[in-house]
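Take a look at the structure set out below.
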Amino acid sequence: MRPTPPADQCARVLRLQAWLAAQEGGPVACIETHISWVLLTPQHAYKLKKAVDLGFIDQRSLAARQHACEEELRLNRRTAPALYLGMVGVSEAGALLPGSPTSPASRSSSPALDAADFAVCMRRFDPAQTLDRLLAATWPAPAGAASPAAAPTPELSAVWAARTDALTDQIVALHASAQPVRGEGLGLMSDLHAATGESPAQWLALARGTQEGAQERAQLQRTVAWLQAQEEALAPLCRARREAGFVRELHGDLHLGNVCLFEGRVTVFDGIDFNASLRTIDTLNDLAFLLMDLHAKGASALAWRALNRYLDATGDHAGLPLLPMCMVWRALVRFKVARLKDAASTGAEAGTGAGTELGVAGQAELALCLRLLRPPTPGLVLMHGVSGCGKTAVSQGLLGVWGAVRLRSDVERQRMASSGRYAPAQVAAVYARLHTLAEAALRAGQRVILDATHLDAAQRQAAIAIAERLGCPWAIVHVQAPLAVMRERIQARRLAGDASEADEAVLAQQWAQHGDGWDGLSAQEQARALRCDTTLPLSHWARPEAWSGLAPLVGLLGGPLV
């Protein structure tokens, strides 16, 4: 291996830095990573690949570096075409060759053949606009900080809800456009370990060589043992998903630091281009990095929002058993990166009894692993009320506070795409599907919200029977609003293109048969029901105290992450 680039390439990069400063009329900063340099001019960023061999990546040859640039463009233009302008050639003298994309008119993906090196040319953006920095600057500090976290304001929650939805939609589109990869050697957790050279001994060697390190080592042993057991138990499901097409060439490094606001648009960039094994993964493993990152930053409500929006769009509820395993692995990798960075900065080596030289880097990541290891307490909440009463809006707040997977009758009805969608047979089919999905999610350890009218006692009892058979607590959230308000909502959501297809005629029929539905609940059901008046502001339902009445029925709010 060759972990450092040759002197002649380093000198060429310095010459290019000076040349760019003269050409673009401003200072040129240089950011260096273990595999690249990034030169930042006032308008552009030029990313050059280091001529290094690190075992998992070999960029020593010019052809390899050219291919790496081409791959970076191909992969990242899927989500950020406005950021990634093209590939540029660099002369031995450290100048951009003719045809380089220094201006819109001369952008090219085929720089001159006599290049001594190559670089990816990008539009420059404000680094303060990456979502990790924006979240850190605006979102309340996570629990465990010096002072208790305050709830985000309604205005801030709305801003981040919109950003989370836009980001999730972009991930959904990327996953949908990526082609399945079914070959052996890609997509399984064992393939990822092989690609990174991970082993239990390597993980344990990251423990500090101090008295506190003994406890840390025990925590690592527990985490690694749990991860190994999960990988073994879920291996058949992972293989089946690969055969079904859920392993695809994806982003691979989908954390908030690789998402920015560019020209007012949430933009995913900087996917893994240097190792196909690390980006050719299960779709839910790709999503898991984002979810883990949001949880780690104290934005669990946004993580649950993203997960549910993704599931509504894809219908991939069958992959839910993989999420805890994938999130723990992602958190463990974060721990390793933090610990190795700290070791490099102090000159110490992890696991060598180096005393306190390693500091406390990675402790937050390891703590997150341990939080993720705690199995959630599954439970079932049935939304209840006529069309337009506000069940979906209210349950959006509940899923973030409680931490739950929501199954919407409106979404599943559309997914089934049958005619006569409100005919009795079709209604029964939708509820049967909801109950099948709910049982699978409960068995996977998830908390579940069934978002449907549940006006028929048989529909409620079928769902309750599932929870009781599995030993899960259940509750009902009865939602009510004035009839005039519900009519206005139905008109408004039809104009907005909402998933619900219930019109005023459906509401009129429901109201004639059931009123607001409360009197149709049995005494046992009313005893386990929480009444919600949706004339209150929607922000009210995003607050934990709004749901305190559910705690005795289905467990504590703000429980385990997954």
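We name chains A, B, ... following the order of the structure tokens; residues begin at 1 in each chain, and ligands are numbered from 1 as shown.
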Exercise for review: Write down as a ChimeraX atom specification the residues belonging to range 279-436 of chain A that are assigned alpha helix (DSSP H) by DSSP computed on the backbone.
Suggested key: /A:279,283-296,300-314,323-346,363-373,391-398,409-416,424-436
For the contact check between range 250-366 of chain A and range 233-237 of chain A, emit one row per residue of range 250-366 of chain A within 9 Å, containing the shortest atom pair and the distance in Å rounded to one decimal, counting only C-alpha atoms, chain then rising number order, as JSON lines.
```
{"residue": "A:Gly319", "atom": "CA", "partner": "A:Leu237", "partner_atom": "CA", "distance": 8.4}
{"residue": "A:Pro321", "atom": "CA", "partner": "A:Leu234", "partner_atom": "CA", "distance": 7.9}
{"residue": "A:Leu322", "atom": "CA", "partner": "A:Leu234", "partner_atom": "CA", "distance": 7.3}
{"residue": "A:Met325", "atom": "CA", "partner": "A:Leu234", "partner_atom": "CA", "distance": 8.9}
```
Study note, to complete from the structure: Separating CA of Gly25 in chain A from CA of Lys49 in chain A, to the nearest tenth of an Å, is a gap of 24.5 Å
Would you kindly return, as a PDB file with all heavy atoms, in the first residue's frame, each protein, DNA or RNA residue with an atom no farther than 10 Å from any atom of Leu442 in chain A, considering only C-alpha atoms and excluding same-chain residues fewer than 3 positions away?
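For reference, selection-v3.pdb as written:
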```
ATOM      1  N   THR A 377     -40.559  -1.085  22.940  1.00  0.00           N
ATOM      2  CA  THR A 377     -41.775  -1.710  23.460  1.00  0.00           C
ATOM      3  C   THR A 377     -42.871  -1.525  22.417  1.00  0.00           C
ATOM      4  O   THR A 377     -43.396  -0.411  22.260  1.00  0.00           O
ATOM      5  CB  THR A 377     -42.206  -1.046  24.778  1.00  0.00           C
ATOM      6  OG1 THR A 377     -41.136  -1.140  25.713  1.00  0.00           O
ATOM      7  CG2 THR A 377     -43.442  -1.730  25.348  1.00  0.00           C
ATOM      8  N   PRO A 378     -43.194  -2.561  21.661  1.00  0.00           N
ATOM      9  CA  PRO A 378     -44.201  -2.369  20.606  1.00  0.00           C
ATOM     10  C   PRO A 378     -45.580  -2.100  21.201  1.00  0.00           C
ATOM     11  O   PRO A 378     -45.887  -2.507  22.330  1.00  0.00           O
ATOM     12  CB  PRO A 378     -44.169  -3.699  19.840  1.00  0.00           C
ATOM     13  CG  PRO A 378     -43.609  -4.687  20.793  1.00  0.00           C
ATOM     14  CD  PRO A 378     -42.686  -3.946  21.699  1.00  0.00           C
ATOM     15  N   GLY A 379     -46.371  -1.407  20.455  1.00  0.00           N
ATOM     16  CA  GLY A 379     -47.737  -1.099  20.853  1.00  0.00           C
ATOM     17  C   GLY A 379     -48.531  -0.675  19.642  1.00  0.00           C
ATOM     18  O   GLY A 379     -47.965  -0.403  18.573  1.00  0.00           O
ATOM     19  N   LEU A 380     -49.837  -0.607  19.799  1.00  0.00           N
ATOM     20  CA  LEU A 380     -50.722  -0.297  18.674  1.00  0.00           C
ATOM     21  C   LEU A 380     -51.673   0.825  19.059  1.00  0.00           C
ATOM     22  O   LEU A 380     -52.306   0.782  20.115  1.00  0.00           O
ATOM     23  CB  LEU A 380     -51.526  -1.541  18.283  1.00  0.00           C
ATOM     24  CG  LEU A 380     -52.507  -1.387  17.117  1.00  0.00           C
ATOM     25  CD1 LEU A 380     -51.772  -1.139  15.802  1.00  0.00           C
ATOM     26  CD2 LEU A 380     -53.398  -2.621  16.996  1.00  0.00           C
ATOM     27  N   VAL A 405     -44.332   3.607  13.393  1.00  0.00           N
ATOM     28  CA  VAL A 405     -44.620   3.424  11.969  1.00  0.00           C
ATOM     29  C   VAL A 405     -46.116   3.620  11.782  1.00  0.00           C
ATOM     30  O   VAL A 405     -46.923   2.987  12.477  1.00  0.00           O
ATOM     31  CB  VAL A 405     -44.195   2.027  11.495  1.00  0.00           C
ATOM     32  CG1 VAL A 405     -44.718   1.748  10.086  1.00  0.00           C
ATOM     33  CG2 VAL A 405     -42.680   1.891  11.544  1.00  0.00           C
ATOM     34  N   LEU A 437     -49.940  -5.785   7.575  1.00  0.00           N
ATOM     35  CA  LEU A 437     -48.753  -4.949   7.744  1.00  0.00           C
ATOM     36  C   LEU A 437     -48.522  -4.606   9.213  1.00  0.00           C
ATOM     37  O   LEU A 437     -47.372  -4.580   9.685  1.00  0.00           O
ATOM     38  CB  LEU A 437     -48.893  -3.665   6.925  1.00  0.00           C
ATOM     39  CG  LEU A 437     -48.914  -3.821   5.402  1.00  0.00           C
ATOM     40  CD1 LEU A 437     -49.206  -2.474   4.740  1.00  0.00           C
ATOM     41  CD2 LEU A 437     -47.594  -4.380   4.892  1.00  0.00           C
ATOM     42  N   ALA A 438     -49.590  -4.320   9.945  1.00  0.00           N
ATOM     43  CA  ALA A 438     -49.459  -3.979  11.357  1.00  0.00           C
ATOM     44  C   ALA A 438     -48.886  -5.137  12.151  1.00  0.00           C
ATOM     45  O   ALA A 438     -47.997  -4.945  12.996  1.00  0.00           O
ATOM     46  CB  ALA A 438     -50.818  -3.572  11.921  1.00  0.00           C
ATOM     47  N   GLU A 439     -49.356  -6.334  11.895  1.00  0.00           N
ATOM     48  CA  GLU A 439     -48.836  -7.494  12.633  1.00  0.00           C
ATOM     49  C   GLU A 439     -47.352  -7.705  12.342  1.00  0.00           C
ATOM     50  O   GLU A 439     -46.562  -7.968  13.257  1.00  0.00           O
ATOM     51  CB  GLU A 439     -49.630  -8.753  12.285  1.00  0.00           C
ATOM     52  CG  GLU A 439     -49.114  -9.976  13.026  1.00  0.00           C
ATOM     53  CD  GLU A 439     -50.055 -11.161  12.957  1.00  0.00           C
ATOM     54  OE1 GLU A 439     -51.164 -11.035  12.387  1.00  0.00           O
ATOM     55  OE2 GLU A 439     -49.689 -12.222  13.503  1.00  0.00           O
ATOM     56  N   GLY A 445     -40.923  -5.419  16.251  1.00  0.00           N
ATOM     57  CA  GLY A 445     -40.610  -4.589  17.402  1.00  0.00           C
ATOM     58  C   GLY A 445     -40.985  -3.136  17.262  1.00  0.00           C
ATOM     59  O   GLY A 445     -40.571  -2.308  18.071  1.00  0.00           O
ATOM     60  N   GLN A 446     -41.773  -2.804  16.255  1.00  0.00           N
ATOM     61  CA  GLN A 446     -42.129  -1.408  16.012  1.00  0.00           C
ATOM     62  C   GLN A 446     -43.415  -1.040  16.740  1.00  0.00           C
ATOM     63  O   GLN A 446     -44.290  -1.880  16.968  1.00  0.00           O
ATOM     64  CB  GLN A 446     -42.318  -1.157  14.517  1.00  0.00           C
ATOM     65  CG  GLN A 446     -41.084  -1.380  13.683  1.00  0.00           C
ATOM     66  CD  GLN A 446     -40.037  -0.305  13.885  1.00  0.00           C
ATOM     67  OE1 GLN A 446     -40.327   0.766  14.405  1.00  0.00           O
ATOM     68  NE2 GLN A 446     -38.812  -0.577  13.478  1.00  0.00           N
ATOM     69  N   ARG A 447     -43.533   0.218  17.079  1.00  0.00           N
ATOM     70  CA  ARG A 447     -44.806   0.776  17.492  1.00  0.00           C
ATOM     71  C   ARG A 447     -45.570   1.164  16.230  1.00  0.00           C
ATOM     72  O   ARG A 447     -44.978   1.658  15.274  1.00  0.00           O
ATOM     73  CB  ARG A 447     -44.575   1.991  18.381  1.00  0.00           C
ATOM     74  CG  ARG A 447     -43.956   1.626  19.717  1.00  0.00           C
ATOM     75  CD  ARG A 447     -43.392   2.826  20.425  1.00  0.00           C
ATOM     76  NE  ARG A 447     -43.036   2.485  21.801  1.00  0.00           N
ATOM     77  CZ  ARG A 447     -42.361   3.275  22.621  1.00  0.00           C
ATOM     78  NH1 ARG A 447     -41.947   4.465  22.191  1.00  0.00           N
ATOM     79  NH2 ARG A 447     -42.103   2.898  23.848  1.00  0.00           N
ATOM     80  N   VAL A 448     -46.883   0.937  16.241  1.00  0.00           N
ATOM     81  CA  VAL A 448     -47.668   1.071  15.019  1.00  0.00           C
ATOM     82  C   VAL A 448     -48.878   1.955  15.264  1.00  0.00           C
ATOM     83  O   VAL A 448     -49.574   1.825  16.278  1.00  0.00           O
ATOM     84  CB  VAL A 448     -48.127  -0.316  14.516  1.00  0.00           C
ATOM     85  CG1 VAL A 448     -49.010  -0.179  13.277  1.00  0.00           C
ATOM     86  CG2 VAL A 448     -46.919  -1.198  14.204  1.00  0.00           C
ATOM     87  N   ILE A 466     -55.112  -8.545  17.131  1.00  0.00           N
ATOM     88  CA  ILE A 466     -53.697  -8.737  16.756  1.00  0.00           C
ATOM     89  C   ILE A 466     -52.797  -8.290  17.899  1.00  0.00           C
ATOM     90  O   ILE A 466     -51.868  -9.012  18.298  1.00  0.00           O
ATOM     91  CB  ILE A 466     -53.377  -7.945  15.470  1.00  0.00           C
ATOM     92  CG1 ILE A 466     -54.117  -8.532  14.275  1.00  0.00           C
ATOM     93  CG2 ILE A 466     -51.862  -7.933  15.213  1.00  0.00           C
ATOM     94  CD1 ILE A 466     -54.034  -7.683  13.019  1.00  0.00           C
ATOM     95  N   ALA A 467     -53.067  -7.106  18.445  1.00  0.00           N
ATOM     96  CA  ALA A 467     -52.242  -6.598  19.533  1.00  0.00           C
ATOM     97  C   ALA A 467     -52.307  -7.525  20.739  1.00  0.00           C
ATOM     98  O   ALA A 467     -51.270  -7.855  21.353  1.00  0.00           O
ATOM     99  CB  ALA A 467     -52.687  -5.192  19.919  1.00  0.00           C
ATOM    100  N   LEU A 470     -50.359 -10.733  20.341  1.00  0.00           N
ATOM    101  CA  LEU A 470     -48.911 -10.534  20.421  1.00  0.00           C
ATOM    102  C   LEU A 470     -48.471  -9.988  21.778  1.00  0.00           C
ATOM    103  O   LEU A 470     -47.275  -9.756  21.987  1.00  0.00           O
ATOM    104  CB  LEU A 470     -48.460  -9.579  19.312  1.00  0.00           C
ATOM    105  CG  LEU A 470     -48.684 -10.056  17.874  1.00  0.00           C
ATOM    106  CD1 LEU A 470     -48.234  -8.997  16.890  1.00  0.00           C
ATOM    107  CD2 LEU A 470     -47.958 -11.368  17.609  1.00  0.00           C
ATOM    108  N   GLY A 471     -49.422  -9.758  22.669  1.00  0.00           N
ATOM    109  CA  GLY A 471     -49.075  -9.234  23.981  1.00  0.00           C
ATOM    110  C   GLY A 471     -48.681  -7.766  23.964  1.00  0.00           C
ATOM    111  O   GLY A 471     -47.898  -7.318  24.817  1.00  0.00           O
ATOM    112  N   CYS A 472     -49.217  -7.010  23.010  1.00  0.00           N
ATOM    113  CA  CYS A 472     -48.878  -5.589  22.875  1.00  0.00           C
ATOM    114  C   CYS A 472     -50.011  -4.728  23.426  1.00  0.00           C
ATOM    115  O   CYS A 472     -51.192  -5.020  23.180  1.00  0.00           O
ATOM    116  CB  CYS A 472     -48.655  -5.224  21.407  1.00  0.00           C
ATOM    117  SG  CYS A 472     -47.310  -6.118  20.622  1.00  0.00           S
TER     118      CYS A 472
END
```
Please identify every residue of range 518-554 of chain A that has at least one atom no farther than 12 Å from an atom of range 287-307 of chain A, counting only C-alpha atoms, and for each give the shortest atom pair and the distance in Å to one decimal, arranged by chain then increasing number, as CSV.
```
residue,atom,partner,partner_atom,distance
A:Ala542,CA,A:Ala301,CA,8.7
A:Arg543,CA,A:Ala301,CA,10.4
A:Pro544,CA,A:Ala301,CA,10.9
```
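Comparing the minimum interatomic distances between Ala195 in chain A and each of A:Ile57, A:Leu340, A:Met383, A:Val266, counting only C-alpha atoms, we find that A:Ile57 sits nearest.
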Spatial neighbours of Gly390 in chain A, max dist 9 Å, only C-alpha atoms, sep filter under 5 positions, as an mmCIF file with all heavy atoms, in the first residue's frame:
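Result file follows (out-v9.cif):
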```cif
data_model
loop_
_atom_site.group_PDB
_atom_site.id
_atom_site.type_symbol
_atom_site.label_atom_id
_atom_site.label_comp_id
_atom_site.auth_asym_id
_atom_site.auth_seq_id
_atom_site.Cartn_x
_atom_site.Cartn_y
_atom_site.Cartn_z
ATOM 1 N N GLY A 385 -62.284 8.060 13.686
ATOM 2 C CA GLY A 385 -63.066 9.251 13.376
ATOM 3 C C GLY A 385 -63.447 9.289 11.912
ATOM 4 O O GLY A 385 -62.860 8.602 11.070
ATOM 5 N N SER A 395 -52.011 12.302 13.793
ATOM 6 C CA SER A 395 -51.095 11.167 13.923
ATOM 7 C C SER A 395 -49.692 11.506 13.438
ATOM 8 O O SER A 395 -48.721 10.847 13.837
ATOM 9 C CB SER A 395 -51.636 9.946 13.170
ATOM 10 O OG SER A 395 -51.745 10.199 11.776
ATOM 11 N N VAL A 479 -60.678 11.199 17.108
ATOM 12 C CA VAL A 479 -60.444 12.543 16.585
ATOM 13 C C VAL A 479 -61.777 13.155 16.186
ATOM 14 O O VAL A 479 -62.596 12.516 15.510
ATOM 15 C CB VAL A 479 -59.479 12.493 15.373
ATOM 16 C CG1 VAL A 479 -59.154 13.894 14.902
ATOM 17 C CG2 VAL A 479 -58.209 11.741 15.736
ATOM 18 N N GLN A 480 -61.988 14.404 16.590
ATOM 19 C CA GLN A 480 -63.266 15.047 16.301
ATOM 20 C C GLN A 480 -63.068 16.505 15.919
ATOM 21 O O GLN A 480 -62.078 17.144 16.296
ATOM 22 C CB GLN A 480 -64.190 14.948 17.513
ATOM 23 C CG GLN A 480 -63.592 15.557 18.775
ATOM 24 C CD GLN A 480 -64.362 15.170 20.023
ATOM 25 O OE1 GLN A 480 -64.749 14.021 20.201
ATOM 26 N NE2 GLN A 480 -64.595 16.160 20.897
ATOM 27 N N ALA A 481 -64.006 17.013 15.142
ATOM 28 C CA ALA A 481 -64.011 18.413 14.716
ATOM 29 C C ALA A 481 -65.433 18.760 14.291
ATOM 30 O O ALA A 481 -66.237 17.868 13.971
ATOM 31 C CB ALA A 481 -63.035 18.621 13.558
ATOM 32 N N MET A 486 -64.855 19.986 8.907
ATOM 33 C CA MET A 486 -64.470 18.781 8.163
ATOM 34 C C MET A 486 -64.812 18.921 6.678
ATOM 35 O O MET A 486 -64.047 18.467 5.820
ATOM 36 C CB MET A 486 -65.158 17.563 8.771
ATOM 37 C CG MET A 486 -64.635 17.223 10.167
ATOM 38 S SD MET A 486 -65.221 15.653 10.829
ATOM 39 C CE MET A 486 -66.927 16.049 11.192
ATOM 40 N N ARG A 489 -62.118 21.008 5.120
ATOM 41 C CA ARG A 489 -60.863 20.256 4.979
ATOM 42 C C ARG A 489 -60.908 19.319 3.781
ATOM 43 O O ARG A 489 -59.922 19.189 3.040
ATOM 44 C CB ARG A 489 -60.599 19.451 6.253
ATOM 45 C CG ARG A 489 -60.198 20.295 7.446
ATOM 46 C CD ARG A 489 -60.093 19.432 8.678
ATOM 47 N NE ARG A 489 -59.684 20.196 9.848
ATOM 48 C CZ ARG A 489 -59.724 19.734 11.091
ATOM 49 N NH1 ARG A 489 -60.162 18.498 11.323
ATOM 50 N NH2 ARG A 489 -59.317 20.484 12.092
ATOM 51 N N ASP A 533 -59.357 17.087 19.969
ATOM 52 C CA ASP A 533 -60.086 18.146 19.271
ATOM 53 C C ASP A 533 -59.128 18.797 18.273
ATOM 54 O O ASP A 533 -58.188 19.486 18.663
ATOM 55 C CB ASP A 533 -60.589 19.166 20.288
ATOM 56 C CG ASP A 533 -61.316 20.336 19.620
ATOM 57 O OD1 ASP A 533 -61.453 20.331 18.376
ATOM 58 O OD2 ASP A 533 -61.735 21.259 20.349
ATOM 59 N N THR A 534 -59.365 18.584 16.992
ATOM 60 C CA THR A 534 -58.417 19.065 15.981
ATOM 61 C C THR A 534 -58.672 20.509 15.560
ATOM 62 O O THR A 534 -58.097 20.968 14.567
ATOM 63 C CB THR A 534 -58.418 18.154 14.741
ATOM 64 O OG1 THR A 534 -59.734 18.118 14.180
ATOM 65 C CG2 THR A 534 -57.978 16.761 15.120
ATOM 66 N N THR A 535 -59.504 21.226 16.295
ATOM 67 C CA THR A 535 -59.549 22.667 16.064
ATOM 68 C C THR A 535 -58.379 23.354 16.761
ATOM 69 O O THR A 535 -58.130 24.545 16.527
ATOM 70 C CB THR A 535 -60.874 23.269 16.568
ATOM 71 O OG1 THR A 535 -61.027 22.982 17.967
ATOM 72 C CG2 THR A 535 -62.051 22.688 15.802
#
```
Practice item. Determine the nearest neighbour of Val38 in chain A from the options A:Asn76, A:Pro5, A:Arg124, A:Gln179, counting only C-alpha atoms. Key: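 Of the candidates, the smallest distance to Val38 in chain A is held by A:Arg124.
Closest approach to Leu85 in chain A among A:Arg123, A:His540, A:Arg239, A:His67: A:Arg123, based on only C-alpha atoms.
Pairwise distance (CA of Arg60 in chain A, CA of Asp8 in chain A) equals 12.5 Å.
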Review point. Tell me, which residues of range 205-379 of chain A carry DSSP strand (DSSP E or B), written as a VMD selection string?
Key: chain A and resid 247 to 249 259 to 262 265 to 268 280 to 282
Practice item. Enter the distance from CA of His478 in chain A to CA of Ser500 in chain A, in Å, rounded to one decimal. Key: 18.4 Å
Exercise for review: Go through A:Ala361, A:Ala151, A:Ile35, A:Val181 and flag the residue nearest Arg208 in chain A, using only C-alpha atoms for the distances.
Suggested key: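 Among A:Ala361, A:Ala151, A:Ile35, A:Val181, it is A:Ala361 that comes nearest to Arg208 in chain A.
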Point to revise | Spatial neighbours of range 245-256 of chain A, 10 Å, only C-alpha atoms, chain gap at least 6 places, as an NGL selection string | key: :A and (75-76 or 78-79 or 130-135 or 167 or 171 or 174-183 or 186-188 or 238-239 or 268-273 or 275-294 or 297 or 316 or 319 or 330)
Revision key, fill the gap. Using only C-alpha atoms, the residue out of A:Ala136, A:Pro324, A:Phe274, A:Ser539 with shortest distance to Ser36 in chain A is A:Phe274
Exercise for review: Name the closest residue to His317 in chain A among the candidates A:Val381, A:Val172, A:Leu370, A:Ala440; distances are taken between atoms, counting only C-alpha atoms.
Suggested key: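 Comparing A:Val381, A:Val172, A:Leu370, A:Ala440 against His317 in chain A, the winner is A:Ala440.
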